[in-house]
Amino acid sequence: MARLGGVEQTRTLTPRTAVIWTVLRAELDRRAGERLSVLDVGGGTGGFAVPLAEAGHQVTVVDASPDALAALTRRAAEAGVADRVRATQGDADALAGLVEPAAVDLVLCHSVLEVVDDPEPVTAALAAALRPGGAASVLVAARAAAVLGRAINGQLDAAVALAADPQGTAGGRDTLRRRYDADGAGALLTAAGLVVEEIHGVRVLADLLPAAVADGQPAALLDLECALAAKLPYRDLAAQLHLFARRPA
Ligand SMILES: C[S@@+](CC[C@H](N)C(=O)[O-])C[C@H]1O[C@@H](n2cnc3c(N)ncnc32)[C@H](O)[C@@H]1O
């Protein structure tokens, strides 16, 4: 059953997603009663797209992977929201040619800017896709956590390389092309004409804790993640940074 604006809470509470949903819910609440047009770039199998469609919104997912889009289509059908989810195969690097300008209310771009050829045209296209007053939810990989993670795992050479590399990568075997700090990610969105309203850390602690602690005390971990997400210096040690930005009205 569609609940326009609302997103069912129990399905969205994990250390990877809780903080993001808290921010998105505030925007959905602000626009309660409206059927929003949502674009999810690199939306994959629909972890965000399907709950947003279940909440009554119209979601287009652009993703490069046909397999991910097939899984998205199945998931949307199983959730009974196939009519509100459109799957489009396409490359985020060519986003400007795939989406109508000024046509969406909310754009999501989660875990994509670190893998595209060039993030600047992508963020310009995200901003251009938004109606004036529309909002962008952008999630990027963070550099500091990657340095700490390599070091804690004993990969000290990789930690040094990652800390020194201008793009924040650890060399040829790194699966990501770049990582961000809060200032760099904020500057990227600002240069695209967006106004950054909030920055949160996602997975401040979740990846650092022993599995027994994370699995044994999931509610306490979730509370701690939410408590630390906006606080410095904890925010900037998170594995990912979530930026919520708006196209000026
Ligand atoms: C790590 S997954 C994230 C999925 C989803 N955004 C989320 O946060 O749950 C990254 C997704 O981006 C897609 N992707 C990677 N590079 C892309 C590109 N250049 N253009 C469009 N999609 C891309 C992948 O196929 C994958 O579905």
# chains A, B, ... in the order shown; residues from 1 in each chain; ligands from 1
>>> residues_near_ligand(ligand="ligand 1", cutoff="7 Å", atoms="only C-alpha atoms and all ligand atoms", output="ChimeraX atom specification")
/A:41-48,62-65,68,90-93,109-112,115-116
>>> select_by_dssp(residues="region 151-229 of chain A", states="alpha helix (DSSP H)", output="ChimeraX atom specification")
/A:151-152,156-164,182-191,211-216,218-228
>>> closest_residue(among="A:Asp236, A:Glu78, A:Glu54, A:Asp223", to="Leu13 (chain A)", atoms="only C-alpha atoms")
A:Asp223
>>> closest_residue(among="A:Ala146, A:Ala124, A:Val107, A:Val81", to="Ala94 (chain A)", atoms="only C-alpha atoms")
A:Ala124
>>> atom_distance(atom1="CA of Ala239 (chain A)", atom2="CA of Leu205 (chain A)")
8.3 Å
>>> residues_around(residues="region 149-165 of chain A", least_positions_apart="2", cutoff="12 Å", atoms="only C-alpha atoms", output="compact mmCIF listing (two decimals) with all heavy atoms, in the first residue's frame")
# COMPACT_ATOMS: atom_id res chain seq x y z
N ALA A 142 34.60 7.98 1.49
CA ALA A 142 35.45 8.94 2.20
C ALA A 142 36.89 8.43 2.27
O ALA A 142 37.14 7.24 2.44
CB ALA A 142 34.91 9.17 3.60
N ARG A 143 37.80 9.40 2.15
CA ARG A 143 39.21 9.02 2.12
C ARG A 143 39.75 8.61 3.49
O ARG A 143 40.46 7.61 3.63
CB ARG A 143 40.04 10.18 1.58
CG ARG A 143 41.52 9.84 1.52
CD ARG A 143 42.38 11.10 1.59
NE ARG A 143 42.23 11.89 0.41
CZ ARG A 143 43.21 12.12 -0.48
NH1 ARG A 143 44.40 11.59 -0.29
NH2 ARG A 143 43.01 12.88 -1.52
N ALA A 144 39.43 9.39 4.53
CA ALA A 144 40.07 9.17 5.83
C ALA A 144 39.80 7.75 6.34
O ALA A 144 40.71 7.07 6.81
CB ALA A 144 39.58 10.21 6.84
N ALA A 145 38.57 7.31 6.20
CA ALA A 145 38.23 5.96 6.70
C ALA A 145 38.98 4.89 5.92
O ALA A 145 39.36 3.86 6.48
CB ALA A 145 36.72 5.72 6.58
N ALA A 146 39.19 5.14 4.62
CA ALA A 146 39.90 4.15 3.81
C ALA A 146 41.36 4.06 4.24
O ALA A 146 41.94 2.96 4.28
CB ALA A 146 39.79 4.53 2.33
N VAL A 147 41.95 5.20 4.60
CA VAL A 147 43.34 5.19 5.08
C VAL A 147 43.41 4.40 6.39
O VAL A 147 44.25 3.50 6.56
CB VAL A 147 43.86 6.63 5.29
CG1 VAL A 147 45.23 6.62 5.96
CG2 VAL A 147 43.92 7.38 3.95
N GLN A 167 43.82 11.85 -5.62
CA GLN A 167 42.44 11.39 -5.81
C GLN A 167 41.96 10.50 -4.65
O GLN A 167 40.80 10.08 -4.63
CB GLN A 167 42.33 10.57 -7.10
CG GLN A 167 42.65 11.35 -8.37
CD GLN A 167 41.58 12.40 -8.65
OE1 GLN A 167 40.39 12.17 -8.48
NE2 GLN A 167 42.02 13.58 -9.05
N GLY A 168 42.88 10.14 -3.75
CA GLY A 168 42.48 9.28 -2.64
C GLY A 168 42.29 7.84 -3.05
O GLY A 168 41.38 7.15 -2.56
N THR A 169 43.12 7.37 -3.97
CA THR A 169 43.06 5.95 -4.34
C THR A 169 44.35 5.26 -3.90
O THR A 169 45.36 5.93 -3.66
CB THR A 169 42.88 5.74 -5.85
OG1 THR A 169 44.05 6.19 -6.52
CG2 THR A 169 41.67 6.47 -6.38
N ALA A 170 44.29 3.94 -3.83
CA ALA A 170 45.44 3.18 -3.32
C ALA A 170 46.21 2.51 -4.45
O ALA A 170 46.89 1.52 -4.23
CB ALA A 170 44.98 2.16 -2.30
N GLY A 171 46.06 3.00 -5.66
CA GLY A 171 46.84 2.43 -6.76
C GLY A 171 46.01 1.55 -7.66
O GLY A 171 44.78 1.50 -7.56
N GLY A 172 46.70 0.81 -8.55
CA GLY A 172 46.06 0.09 -9.65
C GLY A 172 44.98 -0.89 -9.25
O GLY A 172 44.03 -1.09 -9.99
N ARG A 173 45.11 -1.51 -8.06
CA ARG A 173 44.13 -2.55 -7.71
C ARG A 173 42.93 -1.98 -6.96
O ARG A 173 42.01 -2.72 -6.58
CB ARG A 173 44.81 -3.64 -6.87
CG ARG A 173 45.99 -4.28 -7.64
CD ARG A 173 46.05 -5.80 -7.53
NE ARG A 173 45.85 -6.32 -6.19
CZ ARG A 173 46.83 -6.77 -5.40
NH1 ARG A 173 48.08 -6.70 -5.78
NH2 ARG A 173 46.55 -7.28 -4.23
N ASP A 174 42.96 -0.69 -6.73
CA ASP A 174 41.83 -0.05 -6.02
C ASP A 174 40.59 -0.08 -6.92
O ASP A 174 40.67 0.24 -8.11
CB ASP A 174 42.20 1.40 -5.69
CG ASP A 174 41.33 1.99 -4.58
OD1 ASP A 174 40.16 1.58 -4.47
OD2 ASP A 174 41.82 2.84 -3.84
N LEU A 176 37.99 1.83 -6.57
CA LEU A 176 37.43 3.18 -6.70
C LEU A 176 38.45 4.10 -7.39
O LEU A 176 39.65 3.95 -7.21
CB LEU A 176 37.06 3.74 -5.33
CG LEU A 176 36.06 2.92 -4.51
CD1 LEU A 176 35.66 3.67 -3.25
CD2 LEU A 176 34.82 2.56 -5.33
N ARG A 177 37.92 5.07 -8.12
CA ARG A 177 38.80 6.00 -8.85
C ARG A 177 39.12 7.24 -8.03
O ARG A 177 40.01 8.00 -8.36
CB ARG A 177 38.12 6.42 -10.15
CG ARG A 177 37.80 5.23 -11.02
CD ARG A 177 37.04 5.65 -12.23
NE ARG A 177 37.98 6.17 -13.21
CZ ARG A 177 37.73 6.19 -14.51
NH1 ARG A 177 36.59 5.75 -14.97
NH2 ARG A 177 38.61 6.66 -15.34
N ARG A 178 38.35 7.46 -6.99
CA ARG A 178 38.61 8.63 -6.14
C ARG A 178 37.82 8.48 -4.84
O ARG A 178 36.84 7.73 -4.77
CB ARG A 178 38.22 9.94 -6.85
CG ARG A 178 36.77 10.05 -7.20
CD ARG A 178 36.49 11.20 -8.14
NE ARG A 178 37.02 10.96 -9.47
CZ ARG A 178 36.41 10.24 -10.42
NH1 ARG A 178 35.24 9.64 -10.15
NH2 ARG A 178 36.94 10.06 -11.60
N ARG A 179 38.29 9.19 -3.82
CA ARG A 179 37.55 9.31 -2.56
C ARG A 179 37.56 10.78 -2.13
O ARG A 179 38.41 11.54 -2.59
CB ARG A 179 38.20 8.45 -1.45
CG ARG A 179 38.06 6.96 -1.71
CD ARG A 179 38.71 6.13 -0.60
NE ARG A 179 38.53 4.69 -0.84
CZ ARG A 179 39.27 3.98 -1.68
NH1 ARG A 179 40.27 4.55 -2.34
NH2 ARG A 179 39.04 2.69 -1.85
N TYR A 180 36.65 11.11 -1.24
CA TYR A 180 36.43 12.52 -0.93
C TYR A 180 36.62 12.81 0.55
O TYR A 180 36.47 11.92 1.39
CB TYR A 180 34.99 12.90 -1.29
CG TYR A 180 34.72 12.88 -2.78
CD1 TYR A 180 34.28 11.71 -3.41
CD2 TYR A 180 34.92 14.01 -3.55
CE1 TYR A 180 34.05 11.69 -4.78
CE2 TYR A 180 34.68 14.00 -4.92
CZ TYR A 180 34.25 12.84 -5.52
OH TYR A 180 34.02 12.82 -6.87
N ASP A 181 36.90 14.07 0.83
CA ASP A 181 36.66 14.59 2.18
C ASP A 181 35.45 15.51 2.09
O ASP A 181 34.96 15.80 0.97
CB ASP A 181 37.90 15.27 2.78
CG ASP A 181 38.39 16.43 1.93
OD1 ASP A 181 37.57 17.03 1.20
OD2 ASP A 181 39.60 16.74 1.98
N VAL A 204 30.26 5.46 10.63
CA VAL A 204 31.39 6.00 11.38
C VAL A 204 32.15 4.85 12.04
O VAL A 204 33.37 4.77 11.99
CB VAL A 204 30.90 7.00 12.45
CG1 VAL A 204 32.06 7.47 13.33
CG2 VAL A 204 30.21 8.19 11.81
N LEU A 205 31.39 3.93 12.65
CA LEU A 205 32.01 2.85 13.42
C LEU A 205 31.74 1.46 12.86
O LEU A 205 32.49 0.52 13.16
CB LEU A 205 31.46 2.88 14.86
CG LEU A 205 31.92 4.03 15.73
CD1 LEU A 205 31.11 4.08 17.00
CD2 LEU A 205 33.41 3.89 16.04
N ALA A 206 30.69 1.33 12.09
CA ALA A 206 30.20 -0.02 11.73
C ALA A 206 31.29 -0.91 11.15
O ALA A 206 31.34 -2.11 11.45
CB ALA A 206 29.04 0.09 10.75
N ASP A 207 32.18 -0.33 10.33
CA ASP A 207 33.20 -1.16 9.68
C ASP A 207 34.40 -1.44 10.57
O ASP A 207 35.24 -2.27 10.24
CB ASP A 207 33.71 -0.47 8.40
CG ASP A 207 32.60 -0.25 7.39
OD1 ASP A 207 31.44 -0.57 7.70
OD2 ASP A 207 32.89 0.25 6.29
N LEU A 208 34.48 -0.71 11.68
CA LEU A 208 35.67 -0.84 12.54
C LEU A 208 35.45 -1.84 13.68
O LEU A 208 36.40 -2.34 14.26
CB LEU A 208 36.03 0.53 13.15
CG LEU A 208 36.40 1.63 12.15
CD1 LEU A 208 36.62 2.96 12.87
CD2 LEU A 208 37.65 1.24 11.36
N LEU A 209 34.18 -2.09 13.99
CA LEU A 209 33.88 -2.94 15.15
C LEU A 209 34.03 -4.41 14.80
O LEU A 209 33.75 -4.83 13.67
CB LEU A 209 32.45 -2.70 15.61
CG LEU A 209 32.12 -1.28 16.08
CD1 LEU A 209 30.66 -1.21 16.50
CD2 LEU A 209 33.03 -0.87 17.21
N LEU A 237 35.38 10.75 9.91
CA LEU A 237 36.05 9.45 9.95
C LEU A 237 35.16 8.34 9.41
O LEU A 237 35.54 7.17 9.40
CB LEU A 237 36.45 9.11 11.39
CG LEU A 237 37.48 10.07 12.00
CD1 LEU A 237 37.70 9.74 13.47
CD2 LEU A 237 38.79 10.00 11.22
N ALA A 238 33.97 8.71 8.95
CA ALA A 238 33.02 7.71 8.45
C ALA A 238 33.48 7.13 7.11
O ALA A 238 34.20 7.78 6.35
CB ALA A 238 31.64 8.35 8.29
N ALA A 239 33.02 5.94 6.83
CA ALA A 239 33.37 5.27 5.57
C ALA A 239 32.80 6.01 4.36
O ALA A 239 33.38 5.99 3.27
CB ALA A 239 32.87 3.83 5.58
>>> residues_around(residues="Ala102 (chain A)", least_positions_apart="2", cutoff="6 Å", atoms="only C-alpha atoms", output="ChimeraX atom specification")
/A:128-131
